[in-house]
Every structure is written in structure tokens, then in C-alpha cells.
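Dumped final_6.cif below, it's mmCIF, C-alpha atoms and all ligand atoms:
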data_target
#
loop_
_atom_site.label_atom_id
_atom_site.label_comp_id
_atom_site.auth_asym_id
_atom_site.auth_seq_id
_atom_site.Cartn_x
_atom_site.Cartn_y
_atom_site.Cartn_z
CA MET A 1 30.33 13.43 -13.63
CA SER A 2 27.56 13.99 -11.13
CA ILE A 3 24.34 12.02 -11.33
CA ALA A 4 21.14 14.08 -11.36
CA PRO A 5 18.98 13.29 -8.32
CA ILE A 6 15.86 11.28 -9.20
CA ALA A 7 12.65 13.19 -8.50
CA PRO A 8 10.56 11.59 -5.76
CA ILE A 9 7.31 9.96 -6.92
CA LEU A 10 5.62 10.83 -3.62
CA GLU A 11 6.33 13.70 -1.26
CA ALA A 12 4.71 14.73 1.99
CA VAL A 13 5.65 18.11 3.44
CA GLY A 14 4.53 18.93 6.98
CA VAL A 15 1.39 16.82 6.72
CA ALA A 16 -0.78 17.22 9.81
CA LYS A 17 -4.24 15.89 10.61
CA THR A 18 -6.52 16.81 13.46
CA TYR A 19 -9.91 15.10 13.34
CA GLY A 20 -13.17 16.88 14.19
CA ASP A 21 -13.18 15.56 17.76
CA GLY A 22 -9.79 17.16 18.42
CA THR A 23 -7.66 13.98 18.01
CA THR A 24 -4.32 14.86 16.48
CA ALA A 25 -3.51 11.86 14.32
CA LEU A 26 -0.56 13.45 12.50
CA GLY A 27 1.66 16.13 13.92
CA GLY A 28 3.49 17.26 10.76
CA VAL A 29 5.08 14.46 8.73
CA SER A 30 7.53 15.00 5.86
CA LEU A 31 8.97 12.28 3.66
CA ALA A 32 9.96 11.53 0.07
CA VAL A 33 9.54 8.18 -1.67
CA HIS A 34 11.58 7.49 -4.80
CA PRO A 35 10.56 5.57 -7.93
CA GLY A 36 10.81 1.81 -7.54
CA GLU A 37 11.38 1.70 -3.80
CA THR A 38 9.33 -0.01 -1.13
CA VAL A 39 8.90 2.02 2.03
CA ALA A 40 7.38 0.37 5.10
CA LEU A 41 5.68 2.44 7.79
CA VAL A 42 5.82 0.76 11.18
CA GLY A 43 4.55 1.87 14.57
CA GLU A 44 2.18 0.90 17.31
CA SER A 45 -1.61 0.96 16.96
CA GLY A 46 -2.94 4.52 16.74
CA SER A 47 0.42 6.05 15.72
CA GLY A 48 -1.08 7.50 12.53
CA LYS A 49 0.04 5.01 9.86
CA THR A 50 -3.36 4.60 8.17
CA THR A 51 -4.12 8.31 8.40
CA LEU A 52 -0.82 9.19 6.73
CA LEU A 53 -1.34 6.61 3.97
CA ARG A 54 -4.83 7.96 3.29
CA THR A 55 -3.57 11.53 2.91
CA PHE A 56 -1.52 10.22 -0.04
CA ASN A 57 -4.64 9.37 -2.08
CA ARG A 58 -6.91 12.08 -0.66
CA MET A 59 -9.09 9.75 1.33
CA VAL A 60 -8.07 11.97 4.25
CA GLU A 61 -7.62 15.70 3.69
CA PRO A 62 -4.69 17.02 5.75
CA SER A 63 -5.37 19.88 8.17
CA ALA A 64 -2.00 21.33 7.14
CA GLY A 65 0.83 20.50 4.77
CA ASP A 66 1.05 19.18 1.23
CA VAL A 67 1.16 15.83 -0.55
CA ARG A 68 2.59 15.64 -4.06
CA VAL A 69 2.49 12.71 -6.46
CA GLU A 70 4.87 12.88 -9.41
CA GLY A 71 5.45 16.52 -8.48
CA GLN A 72 1.76 17.52 -8.53
CA PRO A 73 -0.15 18.49 -5.39
CA VAL A 74 -2.86 15.83 -4.88
CA ALA A 75 -5.21 18.52 -3.54
CA GLY A 76 -5.55 19.79 -7.12
CA LEU A 77 -5.97 16.40 -8.84
CA ASP A 78 -9.36 14.96 -9.63
CA PRO A 79 -10.14 11.62 -7.95
CA PHE A 80 -10.08 9.70 -11.26
CA ALA A 81 -6.61 10.95 -12.13
CA LEU A 82 -5.51 9.98 -8.64
CA ARG A 83 -6.94 6.47 -8.84
CA ARG A 84 -5.12 5.90 -12.09
CA ARG A 85 -1.85 6.82 -10.43
CA ILE A 86 -2.30 5.25 -7.01
CA GLY A 87 -3.40 1.69 -6.29
CA TYR A 88 -4.76 1.20 -2.77
CA VAL A 89 -5.33 -1.85 -0.60
CA PRO A 90 -7.14 -0.68 2.55
CA GLN A 91 -6.56 -2.28 5.95
CA ASP A 92 -9.57 -4.61 5.59
CA GLY A 93 -8.91 -5.42 1.90
CA GLY A 94 -11.90 -3.31 0.93
CA LEU A 95 -13.51 -5.79 -1.48
CA ILE A 96 -17.16 -5.15 -2.18
CA PRO A 97 -18.91 -8.23 -0.75
CA HIS A 98 -21.87 -8.38 -3.16
CA TRP A 99 -19.70 -8.02 -6.27
CA ARG A 100 -18.09 -11.06 -7.88
CA ILE A 101 -14.27 -11.17 -7.86
CA GLU A 102 -14.15 -10.20 -11.53
CA LYS A 103 -16.16 -7.03 -10.93
CA ASN A 104 -14.09 -6.16 -7.86
CA VAL A 105 -10.85 -6.37 -9.87
CA GLU A 106 -12.40 -4.28 -12.65
CA LEU A 107 -13.40 -1.46 -10.31
CA VAL A 108 -10.88 1.15 -11.44
CA PRO A 109 -10.80 0.12 -15.15
CA ARG A 110 -14.61 0.54 -15.12
CA LEU A 111 -14.30 4.00 -13.58
CA LEU A 112 -11.77 4.81 -16.26
CA GLY A 113 -14.23 3.74 -18.95
CA TRP A 114 -12.31 0.75 -20.38
CA ASP A 115 -14.41 -1.42 -22.72
CA ARG A 116 -15.51 -4.92 -21.70
CA ASP A 117 -12.88 -6.87 -23.64
CA ARG A 118 -10.04 -4.78 -22.32
CA ARG A 119 -11.34 -5.11 -18.76
CA ARG A 120 -11.73 -8.85 -19.07
CA ALA A 121 -8.24 -9.33 -20.49
CA ARG A 122 -6.80 -7.20 -17.71
CA THR A 123 -8.68 -9.10 -15.00
CA ARG A 124 -7.39 -12.42 -16.33
CA GLU A 125 -3.85 -11.06 -16.41
CA MET A 126 -4.04 -9.62 -12.88
CA LEU A 127 -5.57 -12.74 -11.31
CA GLU A 128 -2.86 -14.86 -12.94
CA LEU A 129 -0.22 -12.48 -11.67
CA VAL A 130 -1.32 -13.02 -8.06
CA GLY A 131 -1.70 -16.78 -8.51
CA LEU A 132 -5.48 -17.08 -8.85
CA ASP A 133 -7.35 -18.82 -11.62
CA LEU A 134 -9.95 -16.93 -13.66
CA GLN A 135 -12.01 -20.06 -14.24
CA ALA A 136 -12.05 -21.09 -10.60
CA HIS A 137 -12.23 -17.76 -8.81
CA ALA A 138 -13.45 -14.89 -11.00
CA SER A 139 -17.16 -15.54 -10.60
CA ARG A 140 -17.13 -16.17 -6.85
CA TYR A 141 -18.01 -13.59 -4.23
CA PRO A 142 -15.33 -12.42 -1.75
CA GLY A 143 -17.04 -14.43 1.02
CA GLU A 144 -16.40 -17.61 -0.98
CA LEU A 145 -12.61 -17.18 -0.91
CA SER A 146 -10.05 -17.79 1.83
CA GLY A 147 -8.54 -14.80 3.63
CA GLY A 148 -5.26 -15.18 1.73
CA GLN A 149 -7.09 -15.40 -1.59
CA ARG A 150 -9.03 -12.25 -0.74
CA GLN A 151 -5.73 -10.46 -0.01
CA ARG A 152 -4.53 -11.51 -3.48
CA VAL A 153 -7.70 -10.18 -5.11
CA ALA A 154 -7.21 -6.89 -3.26
CA PHE A 155 -3.69 -6.73 -4.74
CA ALA A 156 -4.98 -7.60 -8.20
CA ARG A 157 -7.53 -4.81 -7.92
CA ALA A 158 -4.90 -2.29 -6.80
CA LEU A 159 -2.72 -3.22 -9.80
CA ALA A 160 -5.49 -3.36 -12.42
CA ALA A 161 -5.08 0.15 -13.85
CA ASP A 162 -1.27 -0.21 -13.78
CA PRO A 163 -0.59 2.66 -11.34
CA PRO A 164 3.05 3.57 -10.70
CA LEU A 165 2.40 3.93 -6.95
CA ILE A 166 0.73 1.42 -4.63
CA LEU A 167 -0.40 1.93 -1.04
CA LEU A 168 -0.84 -1.20 1.07
CA ASP A 169 -2.32 -1.03 4.57
CA GLU A 170 -1.36 -4.17 6.50
CA PRO A 171 -2.01 -6.40 3.50
CA PHE A 172 -0.61 -9.49 5.23
CA GLY A 173 -2.30 -9.00 8.60
CA ALA A 174 -4.43 -11.79 10.08
CA LEU A 175 -2.83 -14.53 7.98
CA ASP A 176 -1.11 -17.69 9.16
CA ALA A 177 2.69 -17.70 9.04
CA LEU A 178 2.95 -19.94 5.96
CA THR A 179 0.48 -17.95 3.87
CA ARG A 180 2.23 -14.80 4.96
CA LEU A 181 5.59 -16.15 3.82
CA GLU A 182 4.09 -17.25 0.51
CA LEU A 183 2.57 -13.78 -0.05
CA HIS A 184 5.86 -12.14 0.94
CA ARG A 185 7.61 -14.21 -1.71
CA GLN A 186 4.99 -13.23 -4.25
CA PHE A 187 5.28 -9.59 -3.26
CA LEU A 188 9.06 -9.65 -3.79
CA ASP A 189 8.62 -11.38 -7.19
CA LEU A 190 6.02 -8.80 -8.23
CA LYS A 191 8.28 -6.02 -7.08
CA LYS A 192 11.08 -7.35 -9.27
CA ALA A 193 8.78 -7.92 -12.25
CA LEU A 194 6.75 -4.70 -12.13
CA GLY A 195 9.10 -2.17 -10.51
CA LYS A 196 6.23 -0.37 -8.75
CA THR A 197 6.76 2.10 -5.96
CA THR A 198 5.10 0.87 -2.80
CA VAL A 199 4.27 2.30 0.60
CA LEU A 200 3.39 -0.55 2.93
CA VAL A 201 1.97 -0.20 6.44
CA THR A 202 2.71 -2.97 8.89
CA HIS A 203 3.21 -3.33 12.61
CA ASP A 204 5.42 -6.37 12.01
CA LEU A 205 9.03 -5.23 12.05
CA ALA A 206 10.29 -8.55 10.65
CA GLU A 207 7.96 -8.08 7.68
CA ALA A 208 9.25 -4.54 7.17
CA PHE A 209 12.85 -5.79 7.23
CA ARG A 210 12.03 -8.55 4.75
CA LEU A 211 10.14 -6.44 2.21
CA ALA A 212 11.21 -2.80 2.43
CA ASP A 213 14.12 -0.80 1.07
CA ARG A 214 13.50 1.85 3.74
CA ILE A 215 11.53 1.79 6.97
CA GLY A 216 9.75 4.73 8.59
CA VAL A 217 9.08 4.48 12.32
CA MET A 218 5.98 6.33 13.48
CA ARG A 219 4.95 7.21 16.98
CA ALA A 220 2.11 9.45 18.19
CA GLY A 221 1.60 11.08 14.80
CA ARG A 222 5.27 11.71 14.09
CA LEU A 223 7.79 10.08 11.81
CA LEU A 224 10.72 9.48 14.15
CA GLN A 225 13.11 8.13 11.51
CA LEU A 226 13.08 7.00 7.89
CA GLY A 227 16.05 4.98 6.73
CA THR A 228 17.35 1.70 5.38
CA PRO A 229 17.14 -1.25 7.77
CA ASP A 230 20.90 -0.94 8.18
CA GLU A 231 20.72 2.77 9.05
CA LEU A 232 17.99 2.15 11.61
CA ALA A 233 19.95 -0.67 13.18
CA LYS A 234 23.29 1.16 13.24
CA ARG A 235 22.18 4.74 13.85
CA PRO A 236 18.79 4.87 15.55
CA ALA A 237 17.75 8.54 15.69
CA ASP A 238 15.56 8.13 18.75
CA PRO A 239 15.48 5.94 21.89
CA TYR A 240 12.10 4.56 20.73
CA VAL A 241 13.63 3.38 17.45
CA GLU A 242 16.48 1.82 19.36
CA ALA A 243 14.09 0.04 21.72
CA LEU A 244 11.99 -1.20 18.79
CA LEU A 245 15.04 -2.67 17.08
CA GLU A 246 16.19 -4.22 20.35
CA MET A 247 12.82 -6.00 20.56
CA ARG A 248 13.46 -7.47 17.14
CA ARG A 249 16.63 -9.15 18.39
CA VAL A 250 14.99 -10.94 21.32
N1 LIG B 1 -12.22 9.48 11.67
C1 LIG B 1 -11.54 9.65 12.81
N2 LIG B 1 -12.00 10.51 13.78
C2 LIG B 1 -11.32 10.72 14.91
N3 LIG B 1 -10.13 10.12 15.21
C3 LIG B 1 -9.65 9.26 14.30
C4 LIG B 1 -10.31 8.97 13.05
N4 LIG B 1 -9.56 8.07 12.36
C5 LIG B 1 -8.49 7.82 13.13
N5 LIG B 1 -8.53 8.52 14.30
C6 LIG B 1 -7.54 8.52 15.37
O1 LIG B 1 -6.30 8.92 14.83
C7 LIG B 1 -5.22 8.21 15.44
C8 LIG B 1 -4.40 7.50 14.36
O2 LIG B 1 -5.21 6.50 13.74
P1 LIG B 1 -4.68 5.58 12.57
O3 LIG B 1 -5.84 4.82 12.06
O4 LIG B 1 -3.95 6.44 11.61
O5 LIG B 1 -3.63 4.65 13.36
P2 LIG B 1 -2.79 3.39 12.86
O6 LIG B 1 -1.35 3.71 13.15
O7 LIG B 1 -3.16 3.05 11.47
O8 LIG B 1 -3.27 2.25 13.87
P3 LIG B 1 -3.51 0.65 13.64
O9 LIG B 1 -2.15 0.02 13.69
O10 LIG B 1 -4.35 0.28 14.83
O11 LIG B 1 -4.22 0.46 12.35
C9 LIG B 1 -5.87 7.26 16.45
O12 LIG B 1 -5.82 7.86 17.70
C10 LIG B 1 -7.31 7.15 15.96
O13 LIG B 1 -8.20 6.87 17.01
MG MG B 2 -4.13 1.40 10.61
#
As a first step, turn the structure in this file into C-alpha cells.
Amino acid sequence: MSIAPIAPILEAVGVAKTYGDGTTALGGVSLAVHPGETVALVGESGSGKTTLLRTFNRMVEPSAGDVRVEGQPVAGLDPFALRRRIGYVPQDGGLIPHWRIEKNVELVPRLLGWDRDRRRARTREMLELVGLDLQAHASRYPGELSGGQRQRVAFARALAADPPLILLDEPFGALDALTRLELHRQFLDLKKALGKTTVLVTHDLAEAFRLADRIGVMRAGRLLQLGTPDELAKRPADPYVEALLEMRRV
């Protein structure tokens, strides 16, 4: 008996982006991400990782190509529908500094018109999930938390409307090694508990190997290879991928 292939939750087909000043950030990227998997995008600074991630939730409109979420072209979805389906943690965490933590976490539920009690219950649940205490943290401002705590709030906010797909742009950057390890552990626990599909941008290959089911290597706006860590290590499709993996060994 053959097993029916599982439909991808996210698909990019020939996605290209040239900015107004003529910079080509993406030169035609195609990929498919399947339900429940974590895909890490790695590559040097300026290789197009953030741009690609932002085409997935329409924060960047591609110059060419298509993005589909659960089979539907995102170009035709209204922003509210998209926010319900896609949680997003931007590269800087993106918390609104003059909003208390509680209000930050409630951002999408508010946009979706949830009533106060439902929002409050959800905020409590999400903060607990990421290891923060409602009593101690909910009424502070982002500037009154540590960097690691802010990262957790950004996660909580991305998860608040229970989207099936989550986009994380260097969520563990600029943290000390111990906090990073602790957040990695939490990420893997959450992954097991919630079964979300995640696309994670990082320039730390060790992090990608630790957290991802598949790794995509980007360079100069192209996706050179997308495969399991084992596939990348055993069958690098490009000398750059090979060199990158060599660096990991030293
Ligand atoms: N709004 C913009 N206008 C013009 N060029 C842009 C714009 N945003 C990004 N770029 C350019 O597009 C290219 C890709 O940028 P992008 O932010 O996607 O890189 P990245 O891989 O996320 O890098 P990093 O690891 O430094 O975050 C870079 O050359 C960048 O300067
Ligand atoms: Mg970036």
C-alpha cells in the first residue's frame, strides 16, 4: 500500500525580490515545508534569509514567484487571516516598548477580536508555557525584562493565536551560551508538545543542527541546498555547503 504524500503547509515557488534601489535580495527560491517539521535557514549576513522569511507572511511582497500557505496563495489572503495562521518573531523580537508584556502577548488575539477574559486566559497560558510568571512579568514593560525574557515574550506572542506555522528570525541571537542552551531545550520541548511547523533563521550552524529537521543553506539570494543534517553532511550539493560543514568540524 502506498502512503499518500502529505501536502506541504508552506510552499515557495520561484520567489524573487529586487528592492527599489536595485538590490536583488532573492534570486528565485523554491522550497516546501511539511506539517510539524522545523526548517532552519542558514547563510551569511545579507544572503536573503530575513527577506525570504518575510515573503512568507507578506511583510515583503515578492517581485516574482508565489508563496502558498496551506495550499492558498498568500497574495490573496487578508492580513488578519494570515496572522491567525502564521506566528512571527522578527529579528529584533519586535515587542512594542510602551506596551506592557500582557498587551504585547495579546496583540494578535486583540486584532482577532477576542474578548478580555479569553485574552487574559490565553496570555497566562502562553507566559507559563515559555516559563514566565504572569504575576511577576505581565505588567512590566519590555525594557524591564532581561534579553532572554524578552525573547520568551516574543515567542509567547507568536504562539498566542495558536497558528500552525511559526516564523522565527534569529530568536536566540545575542544571548549568552547558557541562556541559549536553556531556550533551545525549551524550544525542543515546545516542539514536542505543540507540533507546530517552524521556519527558523539562524547564522549558527550548530544551532541549526540541534533544532532543525532540515536545513536550507542560502547564499547571495539563492537556496543552495535544503536537506536533513545528514544529507548535507554526506552529500553537499555545492562547494559552499561543503565548506560550511567543514567549518563546523573545526
Ligand atoms: N528594504 C530594503 N531595501 C534595499 N535593500 C534591502 C532591503 N532590505 C534588505 N535589503 C538587502 O537585501 C539583502 C538581503 O537582506 P536580508 O535582510 O534578507 O539578509 P539576511 O540574510 O537576513 O542577513 P542578516 O544575517 O544580516 O540578518 C541585503 O543585501 C540587504 O542589504
Ligand atoms: Mg536577517
Would you write out, as JSON lines, a table of all residues in chain A that have an atom no more than 9 Å from an atom of ligand MG 2 (chain B), listing for each the closest atom pair and the distance in Å to one decimal, considering only C-alpha atoms and all ligand atoms and ordering rows by chain and rising residue number?
{"residue": "A:Ser45", "atom": "CA", "partner": "B:MG2", "partner_atom": "MG", "distance": 6.8}
{"residue": "A:Gly46", "atom": "CA", "partner": "B:MG2", "partner_atom": "MG", "distance": 7.0}
{"residue": "A:Ser47", "atom": "CA", "partner": "B:MG2", "partner_atom": "MG", "distance": 8.3}
{"residue": "A:Gly48", "atom": "CA", "partner": "B:MG2", "partner_atom": "MG", "distance": 7.1}
{"residue": "A:Lys49", "atom": "CA", "partner": "B:MG2", "partner_atom": "MG", "distance": 5.6}
{"residue": "A:Thr50", "atom": "CA", "partner": "B:MG2", "partner_atom": "MG", "distance": 4.1}
{"residue": "A:Thr51", "atom": "CA", "partner": "B:MG2", "partner_atom": "MG", "distance": 7.3}
{"residue": "A:Leu53", "atom": "CA", "partner": "B:MG2", "partner_atom": "MG", "distance": 8.9}
{"residue": "A:Pro90", "atom": "CA", "partner": "B:MG2", "partner_atom": "MG", "distance": 8.9}
{"residue": "A:Gln91", "atom": "CA", "partner": "B:MG2", "partner_atom": "MG", "distance": 6.4}
{"residue": "A:Asp169", "atom": "CA", "partner": "B:MG2", "partner_atom": "MG", "distance": 6.8}
{"residue": "A:Glu170", "atom": "CA", "partner": "B:MG2", "partner_atom": "MG", "distance": 7.5}
{"residue": "A:Val201", "atom": "CA", "partner": "B:MG2", "partner_atom": "MG", "distance": 7.6}
{"residue": "A:Thr202", "atom": "CA", "partner": "B:MG2", "partner_atom": "MG", "distance": 8.3}
{"residue": "A:His203", "atom": "CA", "partner": "B:MG2", "partner_atom": "MG", "distance": 9.0}
Hey, which residues come within 12 Å of ligand LIG 1 (chain B) if we count all atoms listed in the file? Could you give them as a PDB file with C-alpha atoms, in the coordinates of the input?
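Saved to pocket-v2.pdb:
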ATOM      1  CA  ALA A  16      -0.780  17.220   9.810  1.00  0.00           C
ATOM      2  CA  LYS A  17      -4.240  15.890  10.610  1.00  0.00           C
ATOM      3  CA  THR A  18      -6.520  16.810  13.460  1.00  0.00           C
ATOM      4  CA  TYR A  19      -9.910  15.100  13.340  1.00  0.00           C
ATOM      5  CA  GLY A  20     -13.170  16.880  14.190  1.00  0.00           C
ATOM      6  CA  ASP A  21     -13.180  15.560  17.760  1.00  0.00           C
ATOM      7  CA  GLY A  22      -9.790  17.160  18.420  1.00  0.00           C
ATOM      8  CA  THR A  23      -7.660  13.980  18.010  1.00  0.00           C
ATOM      9  CA  THR A  24      -4.320  14.860  16.480  1.00  0.00           C
ATOM     10  CA  ALA A  25      -3.510  11.860  14.320  1.00  0.00           C
ATOM     11  CA  LEU A  26      -0.560  13.450  12.500  1.00  0.00           C
ATOM     12  CA  GLY A  27       1.660  16.130  13.920  1.00  0.00           C
ATOM     13  CA  LEU A  41       5.680   2.440   7.790  1.00  0.00           C
ATOM     14  CA  VAL A  42       5.820   0.760  11.180  1.00  0.00           C
ATOM     15  CA  GLY A  43       4.550   1.870  14.570  1.00  0.00           C
ATOM     16  CA  GLU A  44       2.180   0.900  17.310  1.00  0.00           C
ATOM     17  CA  SER A  45      -1.610   0.960  16.960  1.00  0.00           C
ATOM     18  CA  GLY A  46      -2.940   4.520  16.740  1.00  0.00           C
ATOM     19  CA  SER A  47       0.420   6.050  15.720  1.00  0.00           C
ATOM     20  CA  GLY A  48      -1.080   7.500  12.530  1.00  0.00           C
ATOM     21  CA  LYS A  49       0.040   5.010   9.860  1.00  0.00           C
ATOM     22  CA  THR A  50      -3.360   4.600   8.170  1.00  0.00           C
ATOM     23  CA  THR A  51      -4.120   8.310   8.400  1.00  0.00           C
ATOM     24  CA  LEU A  52      -0.820   9.190   6.730  1.00  0.00           C
ATOM     25  CA  LEU A  53      -1.340   6.610   3.970  1.00  0.00           C
ATOM     26  CA  ARG A  54      -4.830   7.960   3.290  1.00  0.00           C
ATOM     27  CA  THR A  55      -3.570  11.530   2.910  1.00  0.00           C
ATOM     28  CA  MET A  59      -9.090   9.750   1.330  1.00  0.00           C
ATOM     29  CA  VAL A  60      -8.070  11.970   4.250  1.00  0.00           C
ATOM     30  CA  GLU A  61      -7.620  15.700   3.690  1.00  0.00           C
ATOM     31  CA  PRO A  90      -7.140  -0.680   2.550  1.00  0.00           C
ATOM     32  CA  GLN A  91      -6.560  -2.280   5.950  1.00  0.00           C
ATOM     33  CA  ASP A  92      -9.570  -4.610   5.590  1.00  0.00           C
ATOM     34  CA  LEU A 168      -0.840  -1.200   1.070  1.00  0.00           C
ATOM     35  CA  ASP A 169      -2.320  -1.030   4.570  1.00  0.00           C
ATOM     36  CA  GLU A 170      -1.360  -4.170   6.500  1.00  0.00           C
ATOM     37  CA  PRO A 171      -2.010  -6.400   3.500  1.00  0.00           C
ATOM     38  CA  GLY A 173      -2.300  -9.000   8.600  1.00  0.00           C
ATOM     39  CA  LEU A 200       3.390  -0.550   2.930  1.00  0.00           C
ATOM     40  CA  VAL A 201       1.970  -0.200   6.440  1.00  0.00           C
ATOM     41  CA  THR A 202       2.710  -2.970   8.890  1.00  0.00           C
ATOM     42  CA  HIS A 203       3.210  -3.330  12.610  1.00  0.00           C
ATOM     43  CA  ASP A 204       5.420  -6.370  12.010  1.00  0.00           C
ATOM     44  CA  VAL A 217       9.080   4.480  12.320  1.00  0.00           C
ATOM     45  CA  MET A 218       5.980   6.330  13.480  1.00  0.00           C
ATOM     46  CA  ARG A 219       4.950   7.210  16.980  1.00  0.00           C
ATOM     47  CA  ALA A 220       2.110   9.450  18.190  1.00  0.00           C
ATOM     48  CA  GLY A 221       1.600  11.080  14.800  1.00  0.00           C
ATOM     49  CA  ARG A 222       5.270  11.710  14.090  1.00  0.00           C
ATOM     50  CA  LEU A 223       7.790  10.080  11.810  1.00  0.00           C
TER      51      LEU A 223
END
| query | Nearest to Lys191 (chain A) among A:Arg122, A:Asp176, A:Pro142, A:Pro35, with distances taken over all atoms listed in the file: which residue is it? | reply | A:Pro35
| Pick from A:Ala136, A:Ile166, A:Ile101, A:Leu127 nearest to Val69 (chain A), counting all atoms listed in the file |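 Using all atoms listed in the file, Val69 (chain A) sits closest to A:Ile166.
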| task | Using all atoms listed in the file, pick whichever of A:Leu134, A:Leu205, A:Leu111, A:Val153 has the shortest atom-to-atom distance to Gly94 (chain A). | result |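 For Gly94 (chain A), the nearest of the given residues is A:Val153.
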| message | Would you compute the distance between CA of Leu167 (chain A) and CA of Val199 (chain A)? Give it in Å to one decimal. | response |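 CA of Val199 (chain A) lies at a distance of 5.0 Å from CA of Leu167 (chain A).
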| remark: Counting all atoms listed in the file, the residue among A:Gly113, A:Pro8, A:Gly36, A:Gly28 that lies closest to Ala193 (chain A) is A:Gly36
| query | For Glu37 (chain A), which residue among A:Val13, A:Ala212, A:Val108, A:Leu190 is the nearest when counting all atoms listed in the file? | reply |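 Of the candidates, the smallest distance to Glu37 (chain A) is held by A:Ala212.
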| field | CA of Arg157 (chain A) to CA of Pro109 (chain A), distance in Å rounded to a single decimal | value | 9.3 Å
| message | Excluding Thr123 (chain A) and its own-chain neighbours fewer than 6 positions away, which residues fall within 9 Å of it when counting only C-alpha atoms? Please give them as a PyMOL selection string. | response | chain A and resi 102-103+105-106+134+138+156-157+160
| field | Spatial sel., origin (-6.2, -9.1, 1.2), limit 6 Å, all atoms listed in the file, listed as a list in words | value |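 So the residues meeting the distance criterion are Gly93, Arg150, Gln151, Arg152, Ala154 and Pro171 of chain A.
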| field | Distance of CA of Val39 (chain A) from CA of Thr198 (chain A), expressed in Å to one decimal place | value |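 Interatomic distance, CA of Thr198 (chain A) to CA of Val39 (chain A): 6.3 Å.
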| said: Using all atoms listed in the file, can you tell me which of A:Glu231, A:Glu128, A:Glu144, A:Asp66 comes closest to Gly216 (chain A)? | reply: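 Checking each of A:Glu231, A:Glu128, A:Glu144, A:Asp66 against Gly216 (chain A), counting all atoms listed in the file, the winner is A:Glu231.
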| What lies within 9 Å of His34 (chain A) using all atoms listed in the file, ignoring chain neighbours under 6 positions off, as a PyMOL selection string? | chain A and resi 6-11+197
Set up a box along x, y and z of the file covering all listed atoms of region 177-186 of chain A, add 6 Å on every one of the six sides, and write the centre and edge lengths in Å to one decimal, as lines of an AutoDock Vina configuration file.
center_x = 4.0
center_y = -16.0
center_z = 2.4
size_x = 19.1
size_y = 19.8
size_z = 25.3
| field | Within 7 Å of Ser30 (chain A) using all atoms listed in the file, minus same-chain residues under 6 positions, as a list in words | value |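 Neighbouring residues, sequence-local ones excluded: Ala12, Val13, Gly14 and Val15 of chain A.
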| Near Phe155 (chain A), counting all atoms listed in the file, which residues have an atom at most 8 Å away, once you skip same-chain residues fewer than 4 positions from it, shown as a list in words? |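 Here the qualifying residues turn out to be Val89, Val130, Gln151 and Leu159 of chain A.
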| request: Find the residues near Gly227 (chain A): any atom within 6 Å, counting only C-alpha atoms, skip ones fewer than 3 places away on the same chain, and give them as a ChimeraX atom specification. | output: /A:214-215,231-232
Per residue of region 127-231 of chain A within 8 Å of region 80-85 of chain A, note the shortest atom pair and the distance in Å to one decimal, counting only C-alpha atoms, and order the rows by chain and increasing residue number, as a tab-separated table.
residue	atom	partner	partner_atom	distance
A:Ala161	CA	A:Arg84	CA	6.0
A:Asp162	CA	A:Arg84	CA	7.4
A:Pro163	CA	A:Arg85	CA	4.4
A:Pro164	CA	A:Arg85	CA	5.9
A:Leu165	CA	A:Arg85	CA	6.2
